[in-house]
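Coordinates from entry37.csv are shown below (CSV, C-alpha atoms and all ligand atoms).
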chain,number,residue,atom,x,y,z
Z,1,MET,CA,11.4,-38.0,7.0
Z,2,SER,CA,12.0,-36.4,10.3
Z,3,SER,CA,15.5,-35.3,9.3
Z,4,LEU,CA,13.9,-33.0,6.7
Z,5,VAL,CA,12.8,-30.4,9.3
Z,6,SER,CA,15.6,-31.1,11.7
Z,7,GLU,CA,17.4,-28.2,13.3
Z,8,LYS,CA,20.3,-29.2,11.2
Z,9,LEU,CA,18.8,-27.8,7.9
Z,10,PRO,CA,20.2,-25.7,6.6
Z,11,ASP,CA,23.7,-26.4,8.1
Z,12,ALA,CA,25.7,-23.6,9.7
Z,13,GLN,CA,26.9,-22.4,6.3
Z,14,GLY,CA,23.3,-22.3,4.9
Z,15,HIS,CA,23.5,-25.6,2.9
Z,16,PHE,CA,20.5,-27.7,2.1
Z,17,GLY,CA,22.5,-30.8,0.9
Z,18,PRO,CA,24.4,-29.6,-2.2
Z,19,TYR,CA,22.3,-26.4,-2.5
Z,20,GLY,CA,22.4,-23.0,-0.8
Z,21,GLY,CA,25.5,-21.5,0.7
Z,22,ARG,CA,26.9,-18.0,0.4
Z,23,TYR,CA,28.5,-17.0,-3.0
Z,24,VAL,CA,29.1,-13.3,-2.7
Z,25,PRO,CA,31.9,-10.7,-3.1
Z,26,GLU,CA,34.2,-10.4,-0.1
Z,27,THR,CA,32.7,-7.1,1.0
Z,28,LEU,CA,29.3,-8.7,1.6
Z,29,MET,CA,30.6,-11.6,3.8
Z,30,HIS,CA,30.7,-9.5,6.9
Z,31,PRO,CA,27.3,-7.8,6.5
Z,32,LEU,CA,25.7,-11.2,5.8
Z,33,GLN,CA,27.3,-12.6,9.0
Z,34,GLU,CA,26.0,-9.6,10.9
Z,35,LEU,CA,22.5,-10.2,9.5
Z,36,GLU,CA,22.7,-13.8,10.4
Z,37,ASP,CA,23.8,-13.1,14.0
Z,38,GLU,CA,21.1,-10.5,14.5
Z,39,TYR,CA,18.5,-12.8,13.1
Z,40,HIS,CA,19.5,-15.6,15.5
Z,41,ARG,CA,19.3,-13.1,18.4
Z,42,ALA,CA,15.9,-11.9,17.2
Z,43,GLN,CA,14.5,-15.4,16.9
Z,44,LYS,CA,15.3,-16.0,20.6
Z,45,ASP,CA,13.9,-12.6,21.7
Z,46,PRO,CA,10.2,-12.9,22.8
Z,47,GLU,CA,9.8,-9.1,22.3
Z,48,PHE,CA,10.8,-9.5,18.6
Z,49,GLN,CA,8.3,-12.3,18.1
Z,50,ARG,CA,5.6,-10.3,19.9
Z,51,GLU,CA,6.1,-7.3,17.6
Z,52,PHE,CA,6.3,-9.4,14.5
Z,53,GLU,CA,2.9,-11.0,15.4
Z,54,TYR,CA,1.5,-7.7,16.4
Z,55,TYR,CA,2.1,-6.1,13.0
Z,56,LEU,CA,1.0,-9.2,11.1
Z,57,ARG,CA,-2.3,-9.1,12.9
Z,58,GLU,CA,-3.0,-5.3,13.3
Z,59,PHE,CA,-1.4,-4.0,10.1
Z,60,CYS,CA,-1.5,-6.8,7.6
Z,61,GLY,CA,-4.8,-8.5,8.6
Z,62,ARG,CA,-3.7,-11.9,9.8
Z,63,PRO,CA,-4.9,-14.6,10.2
Z,64,THR,CA,-6.1,-14.9,6.6
Z,65,PRO,CA,-9.2,-17.2,6.1
Z,66,LEU,CA,-8.9,-20.8,4.9
Z,67,TYR,CA,-11.9,-20.6,2.6
Z,68,PHE,CA,-13.9,-23.6,1.3
Z,69,ALA,CA,-14.3,-23.0,-2.5
Z,70,GLU,CA,-17.7,-24.7,-2.8
Z,71,ARG,CA,-18.6,-23.9,-6.5
Z,72,LEU,CA,-15.1,-24.7,-7.8
Z,73,THR,CA,-15.2,-28.0,-5.8
Z,74,ARG,CA,-18.6,-28.9,-7.3
Z,75,GLU,CA,-17.6,-27.9,-10.8
Z,76,LEU,CA,-14.5,-30.1,-10.7
Z,77,GLY,CA,-16.4,-33.0,-9.0
Z,78,GLY,CA,-13.6,-34.4,-6.9
Z,79,ALA,CA,-11.6,-33.4,-3.8
Z,80,LYS,CA,-12.7,-30.6,-1.5
Z,81,ILE,CA,-10.8,-27.4,-2.3
Z,82,TYR,CA,-9.7,-24.9,0.3
Z,83,LEU,CA,-8.1,-21.5,-0.6
Z,84,LYS,CA,-5.5,-20.0,1.8
Z,85,ARG,CA,-6.4,-16.3,1.3
Z,86,GLU,CA,-3.1,-14.5,1.3
Z,87,ASP,CA,-4.7,-12.3,-1.4
Z,88,LEU,CA,-6.6,-10.6,1.4
Z,89,LEU,CA,-3.5,-9.3,3.1
Z,90,HIS,CA,-2.6,-5.6,3.1
Z,91,THR,CA,-0.8,-4.7,-0.2
Z,92,GLY,CA,-2.4,-7.8,-1.8
Z,93,ALA,CA,0.1,-10.7,-1.5
Z,94,HIS,CA,2.1,-12.8,1.0
Z,95,LYS,CA,5.2,-10.7,0.4
Z,96,ILE,CA,4.3,-8.4,3.3
Z,97,ASN,CA,4.8,-11.2,5.9
Z,98,ASN,CA,8.6,-11.3,5.1
Z,99,CYS,CA,8.8,-7.5,4.8
Z,100,ILE,CA,7.5,-6.9,8.3
Z,101,GLY,CA,10.1,-9.4,9.7
Z,102,GLN,CA,13.0,-7.8,7.8
Z,103,ILE,CA,12.1,-4.2,8.6
Z,104,LEU,CA,12.0,-5.1,12.3
Z,105,LEU,CA,15.5,-6.6,11.9
Z,106,ALA,CA,16.8,-3.6,10.0
Z,107,ARG,CA,15.6,-1.4,12.9
Z,108,ARG,CA,17.4,-3.6,15.4
Z,109,MET,CA,20.6,-3.3,13.4
Z,110,GLY,CA,20.4,0.5,13.4
Z,111,LYS,CA,20.1,0.8,9.6
Z,112,SER,CA,18.4,3.9,8.1
Z,113,ARG,CA,18.0,3.0,4.5
Z,114,ILE,CA,16.2,0.1,2.7
Z,115,ILE,CA,16.8,-1.3,-0.8
Z,116,ALA,CA,14.9,-4.1,-2.6
Z,117,GLU,CA,14.5,-5.7,-6.0
Z,118,THR,CA,11.1,-6.3,-7.5
Z,119,GLY,CA,9.7,-8.2,-10.5
Z,120,ALA,CA,6.0,-7.7,-10.7
Z,121,GLY,CA,6.2,-5.0,-8.2
Z,122,GLN,CA,4.5,-6.8,-5.4
Z,123,HIS,CA,7.6,-7.1,-3.3
Z,124,GLY,CA,8.5,-3.5,-4.2
Z,125,VAL,CA,5.1,-2.3,-2.9
Z,126,ALA,CA,5.3,-4.4,0.3
Z,127,THR,CA,8.9,-3.0,0.9
Z,128,ALA,CA,7.9,0.6,0.2
Z,129,THR,CA,5.0,0.1,2.6
Z,130,VAL,CA,7.0,-1.1,5.5
Z,131,ALA,CA,9.7,1.5,4.8
Z,132,ALA,CA,7.0,4.3,5.0
Z,133,MET,CA,5.5,2.9,8.1
Z,134,PHE,CA,8.8,2.7,10.0
Z,135,GLY,CA,10.3,5.9,8.5
Z,136,PHE,CA,13.1,4.5,6.4
Z,137,LYS,CA,14.5,5.9,3.2
Z,138,CYS,CA,13.8,3.4,0.4
Z,139,VAL,CA,15.1,2.6,-3.1
Z,140,ILE,CA,13.5,-0.1,-5.2
Z,141,TYR,CA,15.3,-1.6,-8.3
Z,142,MET,CA,13.0,-2.8,-11.1
Z,143,GLY,CA,13.7,-3.9,-14.6
Z,144,ALA,CA,12.6,-1.2,-17.2
Z,145,VAL,CA,10.5,-3.8,-19.0
Z,146,ASP,CA,8.7,-4.7,-15.7
Z,147,CYS,CA,8.1,-1.0,-15.0
Z,148,GLU,CA,6.2,-0.8,-18.2
Z,149,ARG,CA,4.3,-4.1,-17.6
Z,150,GLN,CA,3.4,-3.2,-14.0
Z,151,ALA,CA,3.0,0.6,-14.1
Z,152,LEU,CA,0.3,0.5,-11.4
Z,153,ASN,CA,2.8,-0.8,-8.9
Z,154,VAL,CA,5.4,1.8,-9.9
Z,155,TYR,CA,2.9,4.5,-9.0
Z,156,ARG,CA,2.1,2.9,-5.7
Z,157,MET,CA,5.8,2.7,-4.7
Z,158,LYS,CA,6.3,6.3,-5.6
Z,159,MET,CA,3.2,7.4,-3.7
Z,160,LEU,CA,4.5,5.6,-0.7
Z,161,GLY,CA,7.6,7.8,-0.8
Z,162,SER,CA,10.1,5.3,-2.4
Z,163,GLU,CA,12.5,6.0,-5.2
Z,164,VAL,CA,12.1,3.5,-8.1
Z,165,VAL,CA,15.1,2.9,-10.3
Z,166,PRO,CA,14.3,1.4,-13.7
Z,167,VAL,CA,17.2,-1.0,-14.7
Z,168,LYS,CA,18.0,-0.9,-18.4
Z,169,ALA,CA,20.6,-3.7,-18.6
Z,170,GLY,CA,20.2,-7.1,-20.3
Z,171,GLN,CA,16.6,-8.5,-20.4
Z,172,GLN,CA,15.5,-5.5,-18.2
Z,173,THR,CA,13.7,-7.7,-15.8
Z,174,LEU,CA,14.2,-9.3,-12.3
Z,175,LYS,CA,17.6,-10.7,-12.7
Z,176,GLU,CA,19.1,-7.4,-13.7
Z,177,ALA,CA,17.2,-5.6,-10.9
Z,178,ILE,CA,18.8,-8.0,-8.3
Z,179,ASN,CA,22.3,-7.3,-9.8
Z,180,GLU,CA,21.7,-3.5,-9.3
Z,181,ALA,CA,20.4,-4.0,-5.8
Z,182,MET,CA,23.5,-6.1,-4.9
Z,183,ARG,CA,25.8,-3.4,-6.4
Z,184,ASP,CA,24.0,-0.7,-4.2
Z,185,TRP,CA,24.3,-2.9,-1.2
Z,186,VAL,CA,28.1,-3.4,-1.6
Z,187,THR,CA,28.5,0.4,-1.8
Z,188,ASN,CA,26.1,1.4,1.1
Z,189,VAL,CA,26.2,-1.6,3.3
Z,190,ARG,CA,26.9,0.4,6.6
Z,191,THR,CA,23.6,2.3,6.5
Z,192,THR,CA,21.5,0.0,4.3
Z,193,HIS,CA,19.6,-3.2,4.7
Z,194,TYR,CA,18.6,-5.2,1.6
Z,195,ILE,CA,15.1,-6.7,1.9
Z,196,LEU,CA,15.3,-9.7,-0.4
Z,197,GLY,CA,11.8,-10.8,-1.4
Z,198,THR,CA,12.0,-14.6,-1.6
Z,199,VAL,CA,13.7,-17.8,-0.3
Z,200,TYR,CA,16.7,-17.1,-2.5
Z,201,GLY,CA,20.1,-15.5,-2.4
Z,202,ALA,CA,23.0,-15.9,0.0
Z,203,HIS,CA,22.6,-17.5,3.5
Z,204,PRO,CA,20.7,-16.5,5.7
Z,205,TYR,CA,18.1,-15.2,3.3
Z,206,PRO,CA,16.5,-18.5,2.2
Z,207,VAL,CA,16.1,-19.8,5.8
Z,208,MET,CA,15.1,-16.4,7.2
Z,209,VAL,CA,12.5,-15.7,4.6
Z,210,ARG,CA,11.0,-19.2,4.9
Z,211,ASN,CA,10.7,-18.7,8.7
Z,212,PHE,CA,9.0,-15.4,8.2
Z,213,GLN,CA,6.6,-17.0,5.7
Z,214,ARG,CA,5.9,-20.2,7.7
Z,215,VAL,CA,3.0,-18.3,9.4
Z,216,ILE,CA,1.0,-19.3,6.3
Z,217,GLY,CA,1.4,-23.0,6.9
Z,218,ASP,CA,1.1,-22.7,10.7
Z,219,GLU,CA,-2.2,-21.0,10.3
Z,220,ALA,CA,-3.5,-23.4,7.6
Z,221,ARG,CA,-2.7,-26.3,9.8
Z,222,ARG,CA,-4.6,-25.0,12.7
Z,223,GLN,CA,-7.5,-24.0,10.5
Z,224,ILE,CA,-7.9,-27.3,8.7
Z,225,LEU,CA,-7.7,-29.3,11.9
Z,226,GLU,CA,-10.6,-27.1,13.2
Z,227,LYS,CA,-12.7,-27.5,10.1
Z,228,GLU,CA,-12.0,-31.1,9.1
Z,229,GLU,CA,-10.4,-32.6,12.2
Z,230,ARG,CA,-7.6,-34.1,10.1
Z,231,LEU,CA,-4.7,-33.0,8.0
Z,232,PRO,CA,-5.1,-32.2,4.3
Z,233,ASP,CA,-4.3,-34.8,1.6
Z,234,LEU,CA,-2.6,-32.3,-0.8
Z,235,LEU,CA,-1.0,-28.8,-0.7
Z,236,VAL,CA,-0.5,-26.8,-3.9
Z,237,ALA,CA,1.4,-23.6,-4.4
Z,238,CYS,CA,3.1,-21.7,-7.3
Z,239,VAL,CA,6.9,-21.4,-7.2
Z,240,GLY,CA,8.8,-18.3,-8.3
Z,241,GLY,CA,11.7,-18.0,-5.9
Z,242,GLY,CA,9.6,-20.2,-3.8
Z,243,SER,CA,8.6,-18.2,-0.6
Z,244,ASN,CA,4.8,-18.7,-0.6
Z,245,ALA,CA,5.2,-22.4,-1.3
Z,246,MET,CA,7.9,-22.9,1.4
Z,247,GLY,CA,5.7,-20.9,3.8
Z,248,LEU,CA,2.7,-23.2,3.2
Z,249,PHE,CA,4.7,-26.5,3.0
Z,250,TYR,CA,7.2,-26.1,5.8
Z,251,PRO,CA,5.0,-26.9,8.8
Z,252,PHE,CA,3.7,-30.0,7.1
Z,253,LEU,CA,7.0,-31.5,5.9
Z,254,ASN,CA,7.1,-34.2,8.6
Z,255,ASP,CA,3.5,-35.3,8.0
Z,256,ALA,CA,4.1,-38.1,5.5
Z,257,SER,CA,0.4,-38.3,4.6
Z,258,VAL,CA,0.4,-34.8,3.2
Z,259,LYS,CA,1.4,-34.6,-0.4
Z,260,MET,CA,2.8,-31.4,-1.9
Z,261,ILE,CA,3.0,-30.0,-5.4
Z,262,GLY,CA,5.0,-26.9,-6.4
Z,263,VAL,CA,3.9,-25.3,-9.7
Z,264,GLU,CA,6.4,-23.5,-11.9
Z,265,ALA,CA,5.8,-21.2,-14.9
Z,266,GLY,CA,5.6,-23.3,-18.1
Z,267,GLY,CA,5.2,-20.2,-20.2
Z,268,GLU,CA,4.7,-21.0,-23.9
Z,269,GLY,CA,5.8,-24.6,-23.3
Z,270,ILE,CA,9.1,-26.4,-22.3
Z,271,VAL,CA,11.3,-25.0,-25.0
Z,272,PRO,CA,14.5,-23.0,-24.2
Z,273,ASN,CA,13.9,-19.3,-23.5
Z,274,LYS,CA,10.1,-19.8,-23.5
Z,275,HIS,CA,9.4,-20.8,-19.9
Z,276,ALA,CA,10.7,-20.4,-16.3
Z,277,ALA,CA,10.3,-24.1,-15.1
Z,278,ARG,CA,13.7,-24.6,-13.6
Z,279,PHE,CA,13.0,-28.3,-12.8
Z,280,GLN,CA,12.2,-28.9,-16.4
Z,281,GLY,CA,15.6,-28.6,-18.1
Z,282,GLY,CA,17.4,-26.7,-15.5
Z,283,SER,CA,20.8,-27.8,-13.9
Z,284,LEU,CA,23.0,-27.1,-10.9
Z,285,GLY,CA,24.7,-23.7,-10.9
Z,286,VAL,CA,25.5,-20.6,-8.9
Z,287,LEU,CA,23.5,-17.4,-9.4
Z,288,GLN,CA,23.1,-14.3,-7.3
Z,289,GLY,CA,24.6,-15.6,-4.1
Z,290,THR,CA,23.4,-19.2,-3.9
Z,291,ARG,CA,23.7,-22.7,-5.5
Z,292,SER,CA,20.6,-24.2,-6.9
Z,293,TYR,CA,18.7,-25.3,-10.0
Z,294,LEU,CA,18.9,-22.8,-12.8
Z,295,LEU,CA,18.2,-22.4,-16.5
Z,296,GLN,CA,21.5,-22.0,-18.2
Z,297,ASP,CA,23.1,-23.0,-21.5
Z,298,GLU,CA,26.0,-25.4,-22.0
Z,299,TYR,CA,28.5,-22.5,-21.3
Z,300,GLY,CA,26.8,-21.6,-18.0
Z,301,GLN,CA,25.2,-18.5,-19.5
Z,302,ILE,CA,21.8,-17.7,-17.9
Z,303,GLN,CA,19.0,-18.4,-20.4
Z,304,LEU,CA,16.1,-16.0,-21.2
Z,305,THR,CA,12.9,-16.9,-19.4
Z,306,HIS,CA,9.3,-16.2,-20.1
Z,307,SER,CA,6.0,-16.3,-18.2
Z,308,VAL,CA,2.8,-14.4,-18.4
Z,309,SER,CA,3.3,-13.7,-14.7
Z,310,ALA,CA,6.3,-11.5,-13.8
Z,311,GLY,CA,6.4,-12.9,-10.3
Z,312,LEU,CA,7.4,-16.4,-11.6
Z,313,ASP,CA,9.6,-15.2,-14.4
Z,314,TYR,CA,13.1,-15.9,-13.0
Z,315,ALA,CA,15.9,-18.3,-14.1
Z,316,ALA,CA,16.6,-19.9,-10.6
Z,317,VAL,CA,14.7,-21.4,-7.8
Z,318,GLY,CA,15.2,-21.4,-4.0
Z,319,PRO,CA,17.8,-23.9,-2.7
Z,320,GLU,CA,15.5,-25.6,-0.3
Z,321,HIS,CA,13.1,-26.5,-3.1
Z,322,ALA,CA,15.9,-28.2,-5.0
Z,323,TRP,CA,16.7,-30.2,-1.9
Z,324,LEU,CA,13.0,-31.2,-1.3
Z,325,ARG,CA,12.8,-32.2,-4.9
Z,326,ASP,CA,15.8,-34.5,-4.5
Z,327,GLN,CA,14.3,-36.0,-1.4
Z,328,LYS,CA,11.1,-36.6,-3.4
Z,329,ARG,CA,9.2,-34.9,-0.6
Z,330,VAL,CA,7.7,-32.3,-2.9
Z,331,GLU,CA,6.6,-32.9,-6.5
Z,332,TYR,CA,7.3,-30.1,-9.0
Z,333,THR,CA,5.2,-29.5,-12.1
Z,334,TYR,CA,4.3,-26.6,-14.3
Z,335,ALA,CA,1.3,-24.7,-15.8
Z,336,THR,CA,1.5,-22.9,-19.1
Z,337,ASP,CA,0.5,-19.3,-19.7
Z,338,GLU,CA,-2.7,-20.6,-21.4
Z,339,GLN,CA,-3.6,-22.9,-18.5
Z,340,ALA,CA,-2.9,-20.1,-16.0
Z,341,LEU,CA,-5.2,-17.6,-17.9
Z,342,GLU,CA,-8.0,-20.2,-18.0
Z,343,ALA,CA,-7.7,-20.7,-14.2
Z,344,PHE,CA,-7.6,-17.0,-13.7
Z,345,MET,CA,-10.9,-16.6,-15.4
Z,346,LYS,CA,-12.5,-19.7,-13.9
Z,347,LEU,CA,-11.8,-18.6,-10.3
Z,348,GLY,CA,-13.3,-15.2,-10.9
Z,349,ARG,CA,-16.4,-16.6,-12.4
Z,350,LEU,CA,-17.0,-19.5,-10.0
Z,351,GLU,CA,-15.8,-18.0,-6.7
Z,352,GLY,CA,-15.9,-14.2,-7.2
Z,353,ILE,CA,-12.1,-14.0,-6.6
Z,354,ILE,CA,-9.7,-12.6,-9.1
Z,355,PRO,CA,-6.3,-14.3,-8.4
Z,356,ALA,CA,-2.8,-13.0,-9.2
Z,357,LEU,CA,-1.5,-14.6,-12.4
Z,358,GLU,CA,1.1,-16.3,-10.2
Z,359,SER,CA,-1.5,-17.9,-8.0
Z,360,ALA,CA,-3.5,-18.9,-11.1
Z,361,HIS,CA,-0.7,-21.3,-11.9
Z,362,ALA,CA,-1.5,-23.2,-8.6
Z,363,ILE,CA,-5.2,-23.1,-9.4
Z,364,ALA,CA,-4.5,-24.5,-12.9
Z,365,GLU,CA,-2.8,-27.6,-11.2
Z,366,VAL,CA,-5.8,-28.0,-8.9
Z,367,ILE,CA,-8.1,-28.0,-11.9
Z,368,GLN,CA,-6.0,-31.0,-13.2
Z,369,ARG,CA,-5.8,-32.8,-9.9
Z,370,ALA,CA,-9.0,-32.4,-8.0
Z,371,PRO,CA,-11.2,-34.4,-10.4
Z,372,LYS,CA,-8.9,-37.4,-10.0
Z,373,LEU,CA,-9.2,-37.4,-6.2
Z,374,ALA,CA,-12.2,-38.8,-4.2
Z,375,LYS,CA,-14.7,-36.5,-2.7
Z,376,ASP,CA,-13.6,-37.3,0.9
Z,377,LYS,CA,-10.0,-35.9,0.1
Z,378,PHE,CA,-9.1,-32.3,0.5
Z,379,ILE,CA,-6.7,-29.9,-1.0
Z,380,ILE,CA,-5.3,-26.6,0.3
Z,381,VAL,CA,-4.1,-24.3,-2.4
Z,382,ASN,CA,-2.2,-21.1,-1.6
Z,383,LEU,CA,-3.9,-18.1,-3.1
Z,384,SER,CA,-0.6,-16.1,-2.8
Z,385,GLY,CA,-2.0,-12.8,-4.1
Z,386,ARG,CA,-4.9,-10.9,-5.8
Z,387,GLY,CA,-5.1,-10.1,-9.4
Z,388,ASP,CA,-5.7,-6.3,-9.5
Z,389,LYS,CA,-2.2,-5.7,-10.8
Z,390,ASP,CA,-2.9,-8.2,-13.7
Z,391,VAL,CA,-6.4,-7.1,-15.0
Z,392,ALA,CA,-5.1,-4.8,-17.7
Z,393,GLN,CA,-2.8,-7.4,-19.1
Z,394,VAL,CA,-5.4,-10.2,-19.0
Z,395,ALA,CA,-8.0,-7.9,-20.6
Z,396,ALA,CA,-5.7,-7.3,-23.5
Z,397,LYS,CA,-5.0,-11.0,-23.8
Z,398,VAL,CA,-8.6,-12.1,-23.8
Z,399,GLY,CA,-9.7,-9.2,-26.0
Z,400,LEU,CA,-11.7,-7.1,-23.6
Z,401,ARG,CA,-11.7,-3.4,-24.8
Z,402,MET,CA,-12.9,-0.1,-23.5
Z,403,PRO,CA,-15.6,1.1,-23.9
Z,404,LEU,CA,-17.2,-2.3,-23.4
L,1,LIG,C1,6.1,-12.7,-5.9
L,1,LIG,C2,4.9,-13.5,-6.0
L,1,LIG,C3,5.0,-14.9,-6.2
L,1,LIG,C4,6.3,-15.6,-6.4
L,1,LIG,O1,7.2,-15.6,-5.4
L,1,LIG,P1,7.4,-16.8,-4.4
L,1,LIG,O2,8.6,-16.4,-3.6
L,1,LIG,O3,7.7,-18.0,-5.2
L,1,LIG,O4,6.2,-16.9,-3.6
L,1,LIG,C5,3.8,-15.6,-6.2
L,1,LIG,N1,2.6,-15.0,-6.0
L,1,LIG,C6,2.5,-13.7,-5.9
L,1,LIG,C7,1.1,-13.1,-5.7
L,1,LIG,C8,3.6,-12.9,-5.8
L,1,LIG,O5,3.5,-11.6,-5.7
Have the structure of the file written as structure tokens, please.
Amino acid sequence: MSSLVSEKLPDAQGHFGPYGGRYVPETLMHPLQELEDEYHRAQKDPEFQREFEYYLREFCGRPTPLYFAERLTRELGGAKIYLKREDLLHTGAHKINNCIGQILLARRMGKSRIIAETGAGQHGVATATVAAMFGFKCVIYMGAVDCERQALNVYRMKMLGSEVVPVKAGQQTLKEAINEAMRDWVTNVRTTHYILGTVYGAHPYPVMVRNFQRVIGDEARRQILEKEERLPDLLVACVGGGSNAMGLFYPFLNDASVKMIGVEAGGEGIVPNKHAARFQGGSLGVLQGTRSYLLQDEYGQIQLTHSVSAGLDYAAVGPEHAWLRDQKRVEYTYATDEQALEAFMKLGRLEGIIPALESAHAIAEVIQRAPKLAKDKFIIVNLSGRGDKDVAQVAAKVGLRMPL
């Protein structure tokens, strides 16, 4: 097991076993190398680490609590459930951790302009926030369909001074937004840094984003040892690209007693085009800079995906997750739209916490698992974000109308 977290992973070319790497047009090879070199220098620079920690604490509100969900635990009647409260961070999700790290890198590299892709708009808002705070010009690419679904976040980005470009190609969601961001980057690479939002894309993004997000697991580990004086039995997190899950899991990978479950979007069920569970029917392929599991047809065409949560609605998964799955270190399962909606309502009513629909997928798995575990076991579930962005969509789904 110890080889999993060895300094050798990923290797120098960014491979996690057969996954990862750098599959980009020639013009991006040099900028990615420049980014990797600067990132390695920054990692060894105590001043960079100090600044990173300073903004996480003073601006974002870290450390986030590890909260004992007493009523949910009692209702389910099994293992003790702890929530890692990333929903309490500034801008409402874990995405800001990575954005702080990358904006500090962009400043070190002397860039003046930031671009990013966004699905639900959470990464777009986090990026627009750090761009405003450090005085960068900022352009966010977002699928036109997602702009409609997540209008609140479009307004937030604009109010923060960013330009939002609705992308009208293809399915008009995240995949097309990433294509446009890559196109922009190729054209403007001298002045521009691309803040990619998850543990995906060409090397060094998967390893860099994981390392910026590992603060979640490092904190959770300290907190649980303080509260329970031993390590947890189970970690649960939802998996879109996979950054909140990698952030929680990574610091525990060498602890064989800690089981881990990643929860993908089961959408309307495991039928082609109706879900985004890459480990249920996905296969090895290359998409948007890296090699990993993806949902494709027999000709290698990317399949349509569906999830009630825009943040999990993507055809590929981060390469390190594919590796961890092969090693059988992490188990991957899925929750359907319906299960996620049920979990969304349940957490609100039992704990007074409205989760993001993405995080509700992780809660749905806890609802399945906790009753099967003894009362002296405990679970940490990553509450990756809050549900404000989702209330209008859920209200429509469950038939709440105004005036009430
Ligand atoms: C973006 C997002 C996710 C999915 O992204 P990961 O990289 O898999 O973490 C999950 N939860 C929330 C709240 C998000 O905003």
Handout entry: Å distance separating atom C7 of ligand LIG 1 (chain L) from atom CA of Val209 of chain Z, one decimal place
Key =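 These atoms are spaced 15.6 Å apart.
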Practice task
Could you pull out the residues sitting within 6 Å of ligand LIG 1 (chain L), using only C-alpha atoms and all ligand atoms, and write them as an MDAnalysis selection string?
Solution key: chainID Z and resid 93 122 198 239:244 311:312 356 358:359 384:385
Surrounding residues of Pro371 of chain Z excluding itself and chain neighbours under 5 positions, 6 Å, all atoms listed in the file, as a PDB file with C-alpha atoms, in the frame of the given file:
ATOM      1  CA  LEU Z  76     -14.500 -30.100 -10.700  1.00  0.00           C
ATOM      2  CA  GLY Z  77     -16.400 -33.000  -9.000  1.00  0.00           C
ATOM      3  CA  GLY Z  78     -13.600 -34.400  -6.900  1.00  0.00           C
TER       4      GLY Z  78
END
Exercise for the section: Show which residues sit within 12 Å of Arg57 of chain Z, as a ChimeraX atom specification. Count all atoms listed in the file, and ignore same-chain residues fewer than 6 positions away. Expected result: /Z:50-51,63-64,89-90,96-97,100,215
Problem - Exercise: residues within 10 Å of coordinate (8.4, -18.7, 11.4), counting only C-alpha atoms, as an MDAnalysis selection string - result: chainID Z and resid 43 49 97:98 101 207:218 247 250:251
Exercise for the section: For a cut-off of 10 Å around (-13.3, -35.1, -7.5), file coordinates, pick out all residues using all atoms listed in the file and list them as a ChimeraX atom specification. Expected result: /Z:73-81,367,369-378
Export C-alpha atoms of the chosen residues as an mmCIF file, in the frame of the given file?
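And here's out27.cif as it stands now:
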data_model
loop_
_atom_site.group_PDB
_atom_site.id
_atom_site.type_symbol
_atom_site.label_atom_id
_atom_site.label_comp_id
_atom_site.auth_asym_id
_atom_site.auth_seq_id
_atom_site.Cartn_x
_atom_site.Cartn_y
_atom_site.Cartn_z
ATOM 1 C CA THR Z 73 -15.200 -28.000 -5.800
ATOM 2 C CA ARG Z 74 -18.600 -28.900 -7.300
ATOM 3 C CA GLU Z 75 -17.600 -27.900 -10.800
ATOM 4 C CA LEU Z 76 -14.500 -30.100 -10.700
ATOM 5 C CA GLY Z 77 -16.400 -33.000 -9.000
ATOM 6 C CA GLY Z 78 -13.600 -34.400 -6.900
ATOM 7 C CA ALA Z 79 -11.600 -33.400 -3.800
ATOM 8 C CA LYS Z 80 -12.700 -30.600 -1.500
ATOM 9 C CA ILE Z 81 -10.800 -27.400 -2.300
ATOM 10 C CA ILE Z 367 -8.100 -28.000 -11.900
ATOM 11 C CA ARG Z 369 -5.800 -32.800 -9.900
ATOM 12 C CA ALA Z 370 -9.000 -32.400 -8.000
ATOM 13 C CA PRO Z 371 -11.200 -34.400 -10.400
ATOM 14 C CA LYS Z 372 -8.900 -37.400 -10.000
ATOM 15 C CA LEU Z 373 -9.200 -37.400 -6.200
ATOM 16 C CA ALA Z 374 -12.200 -38.800 -4.200
ATOM 17 C CA LYS Z 375 -14.700 -36.500 -2.700
ATOM 18 C CA ASP Z 376 -13.600 -37.300 0.900
ATOM 19 C CA LYS Z 377 -10.000 -35.900 0.100
ATOM 20 C CA PHE Z 378 -9.100 -32.300 0.500
#
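With all atoms listed in the file as the atoms that count, the minimum distance from Cys238 of chain Z to the choices Z:Lys274, Z:His361, Z:His123, Z:His321 is reached by Z:His361.
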Problem - Gap from atom CA of Leu347 of chain Z to atom CA of Met157 of chain Z - Å, one decimal - result: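 Value for the atom CA of Leu347 of chain Z-atom CA of Met157 of chain Z distance: 28.2 Å.
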